[in-house]
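Okay, structure first, notes after.
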Amino acid sequence: MHLLAEEQLSAGANAFLETIRTLKEPKALAGLADKWKNDPRPWARTMMQSYFELPFDKPGHQVVVKRLFKSAEARGDDAVMARCLVAFDRLVRRRRGKEFQWDRAARTMIQSEVLQTPRNVFSTTMSKYLTPKKLEKFRIFKYRTRYYLQRRVWRYFRKLGFKDGPRYLAAVAPALAAFQDADLSAGENLLDSWSLMHALHGECDAVEFSPLRAVLKEGRSLADLRPGPAFSQHWRTPDGVVAALELIVTAQSRVVRVWALAWHQELAKTITNAPSADVLTRMLAHADEEVQSYGARLLSECTEAANWPLETWLKLLKCENPRVAQLLCDAMLKHVSDERVSLAQRVEIALAKATPIARLGLRLLEKTPPGDEAQRGVIAGLWRAQCLGIGGEIVRWALAQLGTAEVYQMPVVCRFFDSANAGIREGAWAWMELENSPGWPDAALWSRLAETPYVDLRSRMIDALAVRAETPPVGTDDLAPVWTSVLLDVHRGGRQKLKALRQIVNALTKTPDEKLLPVLVAAVRSIRGPEARAALAAVMTLLASRPELEPAVAQALPELVLHPAAENSLKAAA
């Protein structure tokens, strides 16, 4: 394995990291570490950063850690040192335990809670007798060495703080962002993190630093910790404000994230620095609702938001948090004029899931004047609206533009009945029941509704068909009771279907109106065998007398092979 690791190091293979972690001999590891630290390639530096992000749970790797760390320190490699800061702070983790003392005066045993140092250090023979699962709990380096490494890595950042403020901020911020929630799951974990405590609370009056660790002052608790970072003079600059904002977005630990939020609020009292659109976009898209709310608040106070391009606002409106969404809408109404928003963008806003944002889109649409066919094609996309709260209002406005007798098209209107949004389907049905609705007498639309998978729409449709089937015809040419009987019987069965099918075929024979063809198609696709065969026979009877309807039937029933002999001959020729 040693030769393989050397070969992978020379070739720059990413598998080198996994291979070297299988080695345990300190002498072999020392030679590899020397070659690794002197390798000038960017790949070697990237591998160092990845190595320090892994747990120190491999026996014999003390020599690798020390040599790589000292090499990065000598080179002034801020990125590698940031990884070392996090890794060394993770090494010290005390746990809570019980301590008993005998009270002579009270003649009783007094129990108290103390922090104890666990025995999780590798010994020379331990790896031979413990299972790999149990060895996962152990770490390299004795606790005295761990304390030393913590202090030495912070010394590097402390020197940066004295010499170069901007570089200090640029180096320490990624380290703070790299801490995980698991690293700081308990209060004692924070106190054990020497560098982190200095970086976050180095000037806080509730904490003091002993030679070994950070301790709370007498009478103070973790709740008394307030943001007071070391080298606060560097943070109290425009660069520090930007770094704090970036830390709010990138911090992986909630402890660091909450600190950054509180610290930025403190800085904002004296330093005015408008956040960028990119930072606010990421804040509003953050998984933490507290970060979202703070980002919305900053947006409402941002004076430069009026100069942002409209695409930036559309990204911000992707937020699904209702409370934050309302603040976003208020900010957009404040900074963006209606004339800047195109029809397609208004439709995109109305498709949002959050009710305030969807309502904003509807409000903009209501101010849109009637347009041409191309604009109606854009409005037709509203059938994909996601908001349940105002789905009915959205479809009411949309069908007022698309559902009039002058512009009505069945395929366009039918999409609203096929929407996954129950509010959209309910609003579409309300349009269907309006007086003089062009969809009410359209047999093709009712035939499409007969195939709906939605129970709520199907039940309403069946009830309406039952009423219409018994309604006397308006005139001699009114076939509504006939085709409604067919569609109704598709769902519940009946003896009148065959008679109704013959009447539809006779009507199509006299006047080839393709609007009744979807009724026959719905009957052909019935799940009842006798009814499907009767409908298929009716179709063939119709084609025998009206062969010019064959293209329309083939389009409506693509699964129906009208000329099997010709198709078989084509297959044989192929």
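How things are named: the first chain in the structure tokens is A, the next is B, and so on; residues count from 1 in each chain; ligands count from 1 in the order shown.
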### Neighbour list for Met410 of chain A as a ChimeraX atom specification, cut-off 7 Å, only C-alpha atoms, skip fewer than 3 positions in-chain
/A:413-414,445
Which is closest to Lys98 of chain A among A:Ala206, A:Leu85, A:Ala175, A:Val114, if we use only C-alpha atoms?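 The shortest atom-to-atom distance to Lys98 of chain A comes from A:Val114.
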Can you list, as a PDB file with C-alpha atoms, in the first residue's frame, every protein, DNA or RNA residue that comes within 12 Å of Gln265 of chain A when you count only C-alpha atoms, leaving out same-chain residues fewer than 3 positions away?
ATOM      1  CA  PRO A 227     -21.053  38.839  20.236  1.00  0.00           C
ATOM      2  CA  ARG A 236     -16.332  47.157  12.511  1.00  0.00           C
ATOM      3  CA  VAL A 241     -20.086  43.918   7.603  1.00  0.00           C
ATOM      4  CA  ALA A 244     -20.763  38.960   8.706  1.00  0.00           C
ATOM      5  CA  LEU A 245     -23.495  38.895   6.051  1.00  0.00           C
ATOM      6  CA  ILE A 248     -25.059  34.365   7.922  1.00  0.00           C
ATOM      7  CA  VAL A 258     -27.077  33.123  15.263  1.00  0.00           C
ATOM      8  CA  TRP A 259     -23.872  34.861  16.299  1.00  0.00           C
ATOM      9  CA  ALA A 260     -23.486  36.347  12.814  1.00  0.00           C
ATOM     10  CA  LEU A 261     -27.089  37.564  12.832  1.00  0.00           C
ATOM     11  CA  ALA A 262     -26.668  39.286  16.198  1.00  0.00           C
ATOM     12  CA  ALA A 268     -25.670  47.996  11.346  1.00  0.00           C
ATOM     13  CA  LYS A 269     -26.227  50.515  14.132  1.00  0.00           C
ATOM     14  CA  THR A 270     -23.055  52.398  13.248  1.00  0.00           C
ATOM     15  CA  ILE A 271     -22.080  51.246   9.729  1.00  0.00           C
ATOM     16  CA  THR A 272     -24.338  51.679   6.713  1.00  0.00           C
ATOM     17  CA  ASN A 273     -23.549  49.173   3.985  1.00  0.00           C
ATOM     18  CA  TYR A 294     -33.780  38.877   8.454  1.00  0.00           C
ATOM     19  CA  GLY A 295     -33.099  38.963   4.717  1.00  0.00           C
ATOM     20  CA  ARG A 297     -36.112  42.951   6.667  1.00  0.00           C
ATOM     21  CA  LEU A 298     -32.841  44.038   5.051  1.00  0.00           C
TER      22      LEU A 298
END
I need the residues of segment 114-237 of chain A that end up classed as helix (DSSP H, G or I) by DSSP on the backbone, written out as JSON, numbers by chain. {"A": [126, 127, 128, 129, 132, 133, 134, 135, 143, 144, 145, 146, 147, 148, 149, 150, 151, 152, 153, 154, 155, 156, 157, 158, 159, 160, 161, 162, 163, 165, 166, 167, 168, 169, 170, 171, 172, 173, 174, 175, 176, 177, 178, 181, 182, 183, 184, 187, 188, 189, 190, 191, 192, 194, 195, 196, 197, 198, 199, 200, 201, 222, 223, 224, 232, 233, 234, 235]}
Write the residues of the preceding selection, restricted to C-alpha atoms, as a PDB file, in the first residue's frame.
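Writing done, so here's out-v4.pdb:
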ATOM      1  CA  MET A 126      -5.306  -0.824  21.232  1.00  0.00           C
ATOM      2  CA  SER A 127      -5.881  -1.256  17.517  1.00  0.00           C
ATOM      3  CA  LYS A 128      -4.991  -4.937  17.775  1.00  0.00           C
ATOM      4  CA  TYR A 129      -7.756  -5.803  20.219  1.00  0.00           C
ATOM      5  CA  PRO A 132     -13.175  -1.134  13.928  1.00  0.00           C
ATOM      6  CA  LYS A 133     -16.547   0.097  15.171  1.00  0.00           C
ATOM      7  CA  LYS A 134     -15.194   0.735  18.676  1.00  0.00           C
ATOM      8  CA  LEU A 135     -12.035   2.318  17.294  1.00  0.00           C
ATOM      9  CA  TYR A 143      -5.059  15.771  25.387  1.00  0.00           C
ATOM     10  CA  ARG A 144      -1.995  17.777  26.287  1.00  0.00           C
ATOM     11  CA  THR A 145      -1.020  17.785  22.601  1.00  0.00           C
ATOM     12  CA  ARG A 146      -4.556  18.641  21.559  1.00  0.00           C
ATOM     13  CA  TYR A 147      -4.553  21.707  23.789  1.00  0.00           C
ATOM     14  CA  TYR A 148      -1.186  22.710  22.331  1.00  0.00           C
ATOM     15  CA  LEU A 149      -2.446  22.364  18.727  1.00  0.00           C
ATOM     16  CA  GLN A 150      -5.486  24.505  19.515  1.00  0.00           C
ATOM     17  CA  ARG A 151      -3.326  27.289  20.885  1.00  0.00           C
ATOM     18  CA  ARG A 152      -0.770  27.126  18.105  1.00  0.00           C
ATOM     19  CA  VAL A 153      -3.312  27.381  15.287  1.00  0.00           C
ATOM     20  CA  TRP A 154      -5.019  30.318  16.997  1.00  0.00           C
ATOM     21  CA  ARG A 155      -1.624  31.970  17.384  1.00  0.00           C
ATOM     22  CA  TYR A 156      -1.389  31.980  13.590  1.00  0.00           C
ATOM     23  CA  PHE A 157      -4.719  33.812  13.231  1.00  0.00           C
ATOM     24  CA  ARG A 158      -3.869  36.151  16.105  1.00  0.00           C
ATOM     25  CA  LYS A 159      -0.744  37.237  14.261  1.00  0.00           C
ATOM     26  CA  LEU A 160      -2.858  37.879  11.171  1.00  0.00           C
ATOM     27  CA  GLY A 161      -5.202  39.995  13.273  1.00  0.00           C
ATOM     28  CA  PHE A 162      -2.322  42.187  14.445  1.00  0.00           C
ATOM     29  CA  LYS A 163      -0.694  42.519  11.005  1.00  0.00           C
ATOM     30  CA  GLY A 165      -7.077  43.042   9.215  1.00  0.00           C
ATOM     31  CA  PRO A 166      -8.656  42.264   5.783  1.00  0.00           C
ATOM     32  CA  ARG A 167      -6.602  39.094   5.462  1.00  0.00           C
ATOM     33  CA  TYR A 168      -7.615  38.042   8.977  1.00  0.00           C
ATOM     34  CA  LEU A 169     -11.305  38.401   8.106  1.00  0.00           C
ATOM     35  CA  ALA A 170     -10.865  36.540   4.819  1.00  0.00           C
ATOM     36  CA  ALA A 171      -9.064  33.687   6.613  1.00  0.00           C
ATOM     37  CA  VAL A 172     -11.178  33.276   9.755  1.00  0.00           C
ATOM     38  CA  ALA A 173     -14.640  33.582   8.134  1.00  0.00           C
ATOM     39  CA  PRO A 174     -14.399  30.292   6.146  1.00  0.00           C
ATOM     40  CA  ALA A 175     -13.204  28.530   9.293  1.00  0.00           C
ATOM     41  CA  LEU A 176     -16.209  29.768  11.262  1.00  0.00           C
ATOM     42  CA  ALA A 177     -18.548  28.719   8.457  1.00  0.00           C
ATOM     43  CA  ALA A 178     -17.117  25.170   8.411  1.00  0.00           C
ATOM     44  CA  ASP A 181     -24.158  21.486  14.195  1.00  0.00           C
ATOM     45  CA  ALA A 182     -22.776  18.152  15.421  1.00  0.00           C
ATOM     46  CA  ASP A 183     -19.561  19.920  16.508  1.00  0.00           C
ATOM     47  CA  LEU A 184     -21.469  22.264  18.833  1.00  0.00           C
ATOM     48  CA  GLY A 187     -22.757  23.980  25.555  1.00  0.00           C
ATOM     49  CA  GLU A 188     -19.536  22.423  26.746  1.00  0.00           C
ATOM     50  CA  ASN A 189     -18.535  21.810  23.108  1.00  0.00           C
ATOM     51  CA  LEU A 190     -18.481  25.563  22.555  1.00  0.00           C
ATOM     52  CA  LEU A 191     -16.310  26.139  25.618  1.00  0.00           C
ATOM     53  CA  ASP A 192     -13.907  23.408  24.463  1.00  0.00           C
ATOM     54  CA  TRP A 194     -10.533  27.375  21.912  1.00  0.00           C
ATOM     55  CA  SER A 195     -10.162  29.135  18.556  1.00  0.00           C
ATOM     56  CA  LEU A 196     -13.905  29.420  17.989  1.00  0.00           C
ATOM     57  CA  MET A 197     -14.434  31.018  21.398  1.00  0.00           C
ATOM     58  CA  HIS A 198     -11.718  33.569  20.665  1.00  0.00           C
ATOM     59  CA  ALA A 199     -13.106  34.327  17.208  1.00  0.00           C
ATOM     60  CA  LEU A 200     -16.699  34.773  18.431  1.00  0.00           C
ATOM     61  CA  HIS A 201     -16.364  35.923  22.050  1.00  0.00           C
ATOM     62  CA  LEU A 222     -23.926  30.523  28.266  1.00  0.00           C
ATOM     63  CA  ALA A 223     -27.017  32.711  27.910  1.00  0.00           C
ATOM     64  CA  ASP A 224     -24.850  35.713  28.869  1.00  0.00           C
ATOM     65  CA  SER A 232     -13.455  43.602  16.677  1.00  0.00           C
ATOM     66  CA  GLN A 233     -11.903  46.696  15.090  1.00  0.00           C
ATOM     67  CA  HIS A 234     -11.526  44.691  11.864  1.00  0.00           C
ATOM     68  CA  TRP A 235     -15.141  43.569  12.003  1.00  0.00           C
TER      69      TRP A 235
END
task = Determine, counting only C-alpha atoms, which protein, DNA and RNA residues have an atom within 8 Å of an atom of segment 317-323 of chain A; residues of the same chain fewer than 4 positions away are not included. Present the result as a ChimeraX atom specification.
result = /A:284-285,289,293,313,327-329,349,352-357
Using only C-alpha atoms, please write the residues we just selected to a file, as a short mmCIF file (atom, residue, chain, number, x, y, z; two decimals), in the first residue's frame.
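File result.cif, as written:
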data_model
loop_
_atom_site.label_atom_id
_atom_site.label_comp_id
_atom_site.auth_asym_id
_atom_site.auth_seq_id
_atom_site.Cartn_x
_atom_site.Cartn_y
_atom_site.Cartn_z
CA LEU A 284 -34.28 34.48 1.25
CA ALA A 285 -33.62 31.02 -0.19
CA GLU A 289 -36.57 30.79 8.54
CA SER A 293 -36.94 36.86 7.89
CA TRP A 313 -36.81 40.33 -8.16
CA LEU A 327 -42.48 41.42 3.03
CA LEU A 328 -41.06 40.65 -0.40
CA CYS A 329 -44.28 41.71 -2.11
CA ILE A 349 -45.40 35.51 -10.39
CA ALA A 352 -45.98 30.97 -7.11
CA LYS A 353 -46.96 28.67 -4.28
CA ALA A 354 -46.93 31.33 -1.54
CA THR A 355 -50.27 33.14 -1.32
CA PRO A 356 -48.90 36.71 -1.02
CA ILE A 357 -46.72 36.30 -4.11
#
| When you draw a straight line from atom CA of Asp372 of chain A to atom CA of Tyr408 of chain A, how long is it in Å? |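 We find that atom CA of Asp372 of chain A and atom CA of Tyr408 of chain A lie 13.1 Å from each other.
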Q: Figure out the distance between atom CA of Asp456 of chain A and atom CA of Ile424 of chain A, please, to one decimal in Å.
A: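 For atom CA of Ile424 of chain A relative to atom CA of Asp456 of chain A, the distance reads 12.0 Å.
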At a cut-off of 7 Å, using only C-alpha atoms, what residues contact Phe122 of chain A? Leave out same-chain residues fewer than 6 positions from it and give the result as a ChimeraX atom specification. /A:59,138-140
Got time to write the residues from that selection, N, CA and C atoms, as an mmCIF file, in the first residue's frame?
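And here's selection_16.cif as it stands now:
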data_model
loop_
_atom_site.group_PDB
_atom_site.id
_atom_site.type_symbol
_atom_site.label_atom_id
_atom_site.label_comp_id
_atom_site.auth_asym_id
_atom_site.auth_seq_id
_atom_site.Cartn_x
_atom_site.Cartn_y
_atom_site.Cartn_z
ATOM 1 N N PRO A 59 -4.725 5.477 13.540
ATOM 2 C CA PRO A 59 -3.493 5.377 14.344
ATOM 3 C C PRO A 59 -2.252 5.600 13.479
ATOM 4 N N PHE A 138 -12.112 6.662 19.017
ATOM 5 C CA PHE A 138 -10.793 7.094 19.478
ATOM 6 C C PHE A 138 -10.169 8.065 18.488
ATOM 7 N N ARG A 139 -9.258 8.912 18.996
ATOM 8 C CA ARG A 139 -8.596 9.929 18.201
ATOM 9 C C ARG A 139 -7.102 9.912 18.494
ATOM 10 N N ILE A 140 -6.349 10.420 17.525
ATOM 11 C CA ILE A 140 -4.902 10.534 17.736
ATOM 12 C C ILE A 140 -4.612 11.740 18.622
#
To one decimal place in Å, what is the distance between atom CA of Gln62 of chain A and atom CA of Arg96 of chain A?
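Atom CA of Arg96 of chain A lies at a distance of 27.4 Å from atom CA of Gln62 of chain A.
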For Glu311 of chain A, list every protein, DNA or RNA residue within 12 Å, evaluated using only C-alpha atoms, and leave out those in the same chain fewer than 2 positions away; present the list as a ChimeraX atom specification.
/A:277-278,281,307-309,313-318,336,340-342,345,348-349
- request: Find the residues around segment 391-400 of chain A up to 9 Å (only C-alpha atoms counted), leave out those fewer than 4 positions away in its own chain, and share them as a ChimeraX atom specification.
  value: /A:350,358-359,362,365-366,376,379-380,382-383,385-387,404,413,416,421-428,430-431
Can you spit out the residues from that selection as a short mmCIF file (atom, residue, chain, number, x, y, z; two decimals), in the first residue's frame, using N, CA and C atoms?
data_model
loop_
_atom_site.label_atom_id
_atom_site.label_comp_id
_atom_site.auth_asym_id
_atom_site.auth_seq_id
_atom_site.Cartn_x
_atom_site.Cartn_y
_atom_site.Cartn_z
N ALA A 350 -47.73 34.87 -10.67
CA ALA A 350 -49.00 34.30 -10.23
C ALA A 350 -48.91 32.80 -10.04
N ALA A 358 -48.48 34.94 -5.13
CA ALA A 358 -49.48 34.65 -6.16
C ALA A 358 -50.51 35.77 -6.24
N ARG A 359 -50.89 36.34 -5.11
CA ARG A 359 -51.86 37.44 -5.13
C ARG A 359 -51.25 38.69 -5.79
N LEU A 362 -51.59 38.10 -9.45
CA LEU A 362 -52.97 38.31 -9.89
C LEU A 362 -53.30 39.79 -9.94
N LEU A 365 -51.91 41.08 -13.06
CA LEU A 365 -52.67 40.60 -14.21
C LEU A 365 -53.98 41.37 -14.38
N GLU A 366 -54.61 41.70 -13.29
CA GLU A 366 -55.88 42.41 -13.38
C GLU A 366 -55.72 43.80 -13.99
N ARG A 376 -53.05 35.66 -25.22
CA ARG A 376 -53.94 34.66 -24.62
C ARG A 376 -53.22 33.32 -24.45
N ILE A 379 -51.44 33.66 -21.19
CA ILE A 379 -52.39 33.59 -20.07
C ILE A 379 -52.83 32.15 -19.83
N ALA A 380 -52.87 31.33 -20.89
CA ALA A 380 -53.30 29.94 -20.73
C ALA A 380 -52.39 29.15 -19.79
N LEU A 382 -51.68 29.83 -16.90
CA LEU A 382 -52.13 29.95 -15.51
C LEU A 382 -52.76 28.68 -14.98
N TRP A 383 -53.05 27.71 -15.84
CA TRP A 383 -53.62 26.45 -15.34
C TRP A 383 -52.63 25.71 -14.43
N ALA A 385 -51.05 27.14 -11.95
CA ALA A 385 -50.94 27.88 -10.69
C ALA A 385 -50.93 26.92 -9.51
N GLN A 386 -50.04 27.19 -8.54
CA GLN A 386 -49.85 26.28 -7.41
C GLN A 386 -50.58 26.71 -6.14
N CYS A 387 -50.91 27.98 -6.02
CA CYS A 387 -51.49 28.49 -4.78
C CYS A 387 -52.92 28.00 -4.64
N THR A 404 -64.58 33.37 -23.33
CA THR A 404 -65.69 34.05 -23.98
C THR A 404 -66.02 33.35 -25.30
N VAL A 413 -59.11 25.67 -22.74
CA VAL A 413 -59.91 25.76 -21.52
C VAL A 413 -59.85 24.45 -20.74
N PHE A 416 -57.49 23.84 -17.58
CA PHE A 416 -57.82 24.30 -16.23
C PHE A 416 -58.59 23.21 -15.47
N ASN A 421 -54.31 21.60 -9.08
CA ASN A 421 -54.75 22.52 -8.03
C ASN A 421 -56.27 22.43 -7.91
N ALA A 422 -56.76 22.00 -6.74
CA ALA A 422 -58.20 21.86 -6.54
C ALA A 422 -58.92 23.19 -6.67
N GLY A 423 -58.27 24.28 -6.26
CA GLY A 423 -58.89 25.60 -6.40
C GLY A 423 -59.09 25.98 -7.85
N ILE A 424 -58.14 25.64 -8.72
CA ILE A 424 -58.27 25.91 -10.15
C ILE A 424 -59.43 25.10 -10.73
N ARG A 425 -59.54 23.83 -10.37
CA ARG A 425 -60.63 22.98 -10.90
C ARG A 425 -61.99 23.50 -10.44
N GLU A 426 -62.06 23.92 -9.18
CA GLU A 426 -63.32 24.44 -8.67
C GLU A 426 -63.72 25.73 -9.40
N GLY A 427 -62.76 26.62 -9.63
CA GLY A 427 -63.06 27.84 -10.36
C GLY A 427 -63.44 27.58 -11.80
N ALA A 428 -62.81 26.56 -12.42
CA ALA A 428 -63.16 26.22 -13.80
C ALA A 428 -64.59 25.69 -13.88
N ALA A 430 -67.00 26.48 -11.84
CA ALA A 430 -67.88 27.64 -11.65
C ALA A 430 -68.05 28.41 -12.95
N TRP A 431 -66.98 28.50 -13.76
CA TRP A 431 -67.12 29.13 -15.08
C TRP A 431 -68.04 28.31 -15.98
#
